[in-house]
Amino acid sequence: MPVLVMKFGGTSVATLDRIKRAAKRVGVEVAKGYDVIVIVSAMSGETNKLVGFVNETSPLFDAREYDAVVSSGENVTAGLMALTLQEMDVPARSWQGWQVPVETTSAHSSARIEAIPPGNILAKFAEGMKVAVVAGFQGVSPEGRITTLGRGGSDTTAVAFAAAFEAERCDIYTDVDGIYTTDPRIADKARKLDKIAFEEMLELASLGAKVLQTRSVELAMRYKVKLRVLSSFEEMDDAAGTLVCDEEEIVESKAVNGVAYSRDEAKMTLISVADRPGIAAAIFGPLSDAGVNVDMIVQNISEEGRTDMTFSCPVDQVARAEKAMADAKASGDINFHDLVADTDVAKVSIVGIGMRSHAGVAAKMFSTLRDENINIKVITTSEIKVSVLIDRKYMELAVQSLHDAFALEKAG
Ligand code: ASP
Ligand code: MG
């Protein structure tokens with residue numbers, strides 16, 4: 001039998017009624033002849049509540065017990081989903097991560113899946129079970145302790161199962177109807193994409209971060225798992241949602257498929273550092289040790305052996321970055337004249353695999369921003385992305401005008 005993986009997020013299993021609605025969708029796929037693996041999240045709000053209990057009990061908690069507590073929300077929905085399916089006469093049973101087993105590393109609260117031996121579940125399918133309902137987000141460490149995969153980890157559970165069972169597809173049911181060309185709250189012309197390439201999806205993480213855990217997209221890309229993101233609140237339709245797939249399945253791609261943004265950025269400039277071998281290591285080593293997530297980096301031309309070094313990071317990490325730099329200066333590892341923080345910037349990016357074969361994409365982005373009188377402070381590019389830092393107050397305008405300029409409201 002072909003295998004289908006169906007994942008239901010927290011809002012899709014938030015009440016018994018919604019679990020029933022989700023179970024009906026599972027029943028439709030079973031009727032088509034699939035053996036179905038259902039991955040469930042905890043009821044929405046439940047994981048936050050459990051995290052709160054742990055923090056209140058023990059602020060410097062033992063991560064193994066954090067995982068024991070926080071993984072439990074999924075156990076409830078897995079059992080309830082199996083019961084609901086049984087009530088519909090669909091042969092189903094629930095599986096906790098350790099029962100499968102979902103073998104993970106021992107990095108508690110952010111474990112990675114190492115292997116999912118399919119034997120136990122396949123044996124049950126062979127006996128006539130139609131649906132394996134698996135608690136998402138959890139696994140078991142080599143030491144035999146319960147682990148969790150990081151917030152949003154049920155998506156990764158779903159993709160890992162799809163890879164392990166060579167599923168035909170992995171359907172991610174959520175509360176939005178797909179991936180959009182940009183955030184519909186910012187640009188009302190935002191359009192739902194029918195298809196998007198894995199690489200684009202990774203770059204558009206700022207739009208899709210809440211929809212798919214980044215790790216799940218990486219895994220899907222590695223194992224070529226076809227992922228479909230769709231809403232559990234709309235009528236069932238085989239063409240619904242957005243297919244996240246290999247770029248080979250996207251015949252003709254526009255130069256740009258999406259406009260992403262990140263609102264709370266800061267631009268930091270170290271004025272007058274010595275331009276010598278090892279200086280970048282001496283700056284970015286301590287920043288990384290301090291947990292600062294550096295994104296863009298620009299080193300300016302050097303004059304008389306001194307240069308300015310600019311980088312961007314999330315605005316809430318500015319204090320940490322300043323301290324790391326002050327400490328490095330005090331210990332004599334680096335020497336600079338001043339550290340200037342501009343905390344009112346945002347990053348806007350255009351993304352598209354078609355950029356590889358279309359010329360003039362970056363130039364068009366820059367002229368669009370010029371026409372709106374928006375000053376660009378830093379530019380970085382990759383093969384399929386151009387990003388700029390601009391004043392935060394122009395972020396919405398930039399997103400809208402780029403969305404218009406690249407005609408994203410129209411299908412490609
Ligand atoms: N319930 C977990 C969380 O809220 C995992 C998930 O839903 O993906 O992060
Ligand atoms: Mg999620």
# chains A, B, ... in the order shown; residues from 1 in each chain; ligands from 1

call {"tool": "residues_around", "arguments": {"residues": "A:Phe161", "least_positions_apart": "4", "cutoff": "9 Å", "atoms": "only C-alpha atoms", "output": "list in words"}}
result
Val5, Ile37, Ile39, Ile116, Pro118, Thr156, Thr157, Phe165, Glu166, Ala167 and Cys170 of chain A

call {"tool": "write_last_selection", "arguments": {"atoms": "C-alpha atoms", "output": "PDB file, in the first residue's frame"}}
result
ATOM      1  CA  VAL A   5       1.871  11.174   6.044  1.00  0.00           C
ATOM      2  CA  ILE A  37       0.735   7.868   9.304  1.00  0.00           C
ATOM      3  CA  ILE A  39       1.517  13.030  13.152  1.00  0.00           C
ATOM      4  CA  ILE A 116      13.136   5.751  12.467  1.00  0.00           C
ATOM      5  CA  PRO A 118       9.878   1.338  10.213  1.00  0.00           C
ATOM      6  CA  THR A 156      10.185  17.636  11.403  1.00  0.00           C
ATOM      7  CA  THR A 157       8.674  14.447  12.827  1.00  0.00           C
ATOM      8  CA  PHE A 165       8.431   5.207   4.975  1.00  0.00           C
ATOM      9  CA  GLU A 166       9.001   6.563   1.451  1.00  0.00           C
ATOM     10  CA  ALA A 167       5.611   8.222   1.629  1.00  0.00           C
ATOM     11  CA  CYS A 170       3.650  14.668   3.448  1.00  0.00           C
TER      12      CYS A 170
END

call {"tool": "residues_around", "arguments": {"residues": "A:Gly45", "least_positions_apart": "2", "cutoff": "10 Å", "atoms": "only C-alpha atoms", "output": "short mmCIF file (atom, residue, chain, number, x, y, z; two decimals) with N, CA, C and O atoms, in the first residue's frame"}}
result
data_model
loop_
_atom_site.label_atom_id
_atom_site.label_comp_id
_atom_site.auth_asym_id
_atom_site.auth_seq_id
_atom_site.Cartn_x
_atom_site.Cartn_y
_atom_site.Cartn_z
N GLY A 10 -1.31 22.30 16.03
CA GLY A 10 -2.06 22.55 17.25
C GLY A 10 -3.46 23.10 17.06
O GLY A 10 -4.41 22.67 17.72
N THR A 11 -3.62 24.04 16.11
CA THR A 11 -4.96 24.61 15.93
C THR A 11 -5.90 23.59 15.28
O THR A 11 -7.11 23.69 15.44
N ALA A 14 -7.23 21.45 18.25
CA ALA A 14 -7.41 22.25 19.47
C ALA A 14 -8.61 21.83 20.31
O ALA A 14 -8.64 22.08 21.51
N ALA A 42 0.46 18.94 19.93
CA ALA A 42 -0.38 19.11 21.11
C ALA A 42 -1.50 20.09 20.78
O ALA A 42 -1.38 20.87 19.83
N MET A 43 -2.60 20.06 21.54
CA MET A 43 -3.65 21.05 21.36
C MET A 43 -3.04 22.45 21.50
O MET A 43 -2.16 22.65 22.34
N THR A 47 1.49 23.24 24.78
CA THR A 47 2.94 23.16 25.00
C THR A 47 3.43 24.39 25.77
O THR A 47 4.24 24.27 26.69
N ASN A 48 2.88 25.57 25.42
CA ASN A 48 3.26 26.78 26.16
C ASN A 48 2.94 26.64 27.64
O ASN A 48 3.72 27.06 28.50
N LYS A 49 1.78 26.05 27.91
CA LYS A 49 1.36 25.89 29.30
C LYS A 49 2.35 24.97 30.03
O LYS A 49 2.78 25.26 31.14
N LEU A 50 2.74 23.89 29.37
CA LEU A 50 3.66 22.92 29.99
C LEU A 50 5.04 23.56 30.21
O LEU A 50 5.67 23.36 31.26
N GLY A 73 1.98 16.79 25.84
CA GLY A 73 0.80 17.30 25.13
C GLY A 73 0.46 16.47 23.91
O GLY A 73 -0.71 16.22 23.60
#

call {"tool": "select_by_dssp", "arguments": {"residues": "stretch 220-305 of chain A", "states": "alpha helix (DSSP H)", "output": "ChimeraX atom specification"}}
result
/A:220-223,279-289

call {"tool": "residues_near_ligand", "arguments": {"ligand": "ligand 2", "cutoff": "9 Å", "atoms": "only C-alpha atoms and all ligand atoms", "output": "list in words"}}
result
Phe8, Gly9, Gly10, Ser41, Arg151, Gly152, Gly153, Ser154, Asp155, Thr174, Ala209, Lys210, Val211, Leu212 and Gln213 of chain A

call {"tool": "residues_around", "arguments": {"residues": "A:Asp194", "least_positions_apart": "2", "cutoff": "8 Å", "atoms": "only C-alpha atoms", "output": "number ranges by chain"}}
result
A: 192, 196, 241-243

call {"tool": "closest_residue", "arguments": {"among": "A:Ile297, A:Ala411, A:Leu149, A:Ala107", "to": "ligand 1", "atoms": "only C-alpha atoms and all ligand atoms"}}
result
A:Leu149

call {"tool": "closest_residue", "arguments": {"among": "A:Ser231, A:Thr368, A:Gln96, A:Ser72", "to": "ligand 1", "atoms": "only C-alpha atoms and all ligand atoms"}}
result
A:Ser72

call {"tool": "residues_around", "arguments": {"residues": "A:Glu303", "least_positions_apart": "4", "cutoff": "10 Å", "atoms": "only C-alpha atoms", "output": "PyMOL selection string"}}
result
chain A and resi 272+274-275+307-308

call {"tool": "atom_distance", "arguments": {"atom1": "atom CA of A:Asp183", "atom2": "atom CA of A:His403"}}
result
10.4 Å

call {"tool": "atom_distance", "arguments": {"atom1": "atom CA of A:Phe198", "atom2": "atom 3 (C, counted along the ligand's line) of ligand 1"}}
result
22.4 Å

call {"tool": "residues_around", "arguments": {"residues": "A:Pro314", "least_positions_apart": "4", "cutoff": "12 Å", "atoms": "only C-alpha atoms", "output": "PyMOL selection string"}}
result
chain A and resi 262-268+291-296+318-321+341-347

call {"tool": "select_by_dssp", "arguments": {"residues": "stretch 77-288 of chain A", "states": "strand (DSSP E)", "output": "JSON, numbers by chain"}}
result
{"A": [92, 93, 94, 95, 103, 104, 113, 114, 115, 131, 132, 133, 134, 135, 138, 139, 140, 146, 147, 148, 169, 170, 171, 172, 173, 174, 195, 196, 197, 227, 228, 229, 230, 231, 242, 243, 244, 245, 258, 259, 260, 261, 262, 263, 264, 265, 266, 267, 268, 269, 270, 271, 272, 273, 274]}

call {"tool": "closest_residue", "arguments": {"among": "A:Val159, A:Val36, A:Ala123, A:Ala92", "to": "ligand 1", "atoms": "only C-alpha atoms and all ligand atoms"}}
result
A:Val159

call {"tool": "closest_residue", "arguments": {"among": "A:Lys410, A:Arg18, A:Lys393, A:Lys7", "to": "ligand 1", "atoms": "only C-alpha atoms and all ligand atoms"}}
result
A:Lys7

call {"tool": "residues_around", "arguments": {"residues": "A:Glu218", "least_positions_apart": "2", "cutoff": "12 Å", "atoms": "only C-alpha atoms", "output": "ChimeraX atom specification"}}
result
/A:155-156,159-160,197-203,205,212-216,220-225,227,244-246

call {"tool": "closest_residue", "arguments": {"among": "A:Ser357, A:Asp35, A:Arg392, A:Val229", "to": "A:Ala126", "atoms": "only C-alpha atoms"}}
result
A:Asp35

call {"tool": "residues_around", "arguments": {"residues": "A:Thr148", "least_positions_apart": "3", "cutoff": "6 Å", "atoms": "only C-alpha atoms", "output": "PDB file with C-alpha atoms, in the first residue's frame"}}
result
ATOM      1  CA  ASP A  67      11.344  17.036  27.807  1.00  0.00           C
ATOM      2  CA  SER A 109      14.917  20.204  24.046  1.00  0.00           C
ATOM      3  CA  ALA A 111      17.300  16.798  19.683  1.00  0.00           C
ATOM      4  CA  PHE A 137       7.859  16.492  18.511  1.00  0.00           C
ATOM      5  CA  GLN A 138       9.266  13.640  20.621  1.00  0.00           C
TER       6      GLN A 138
END
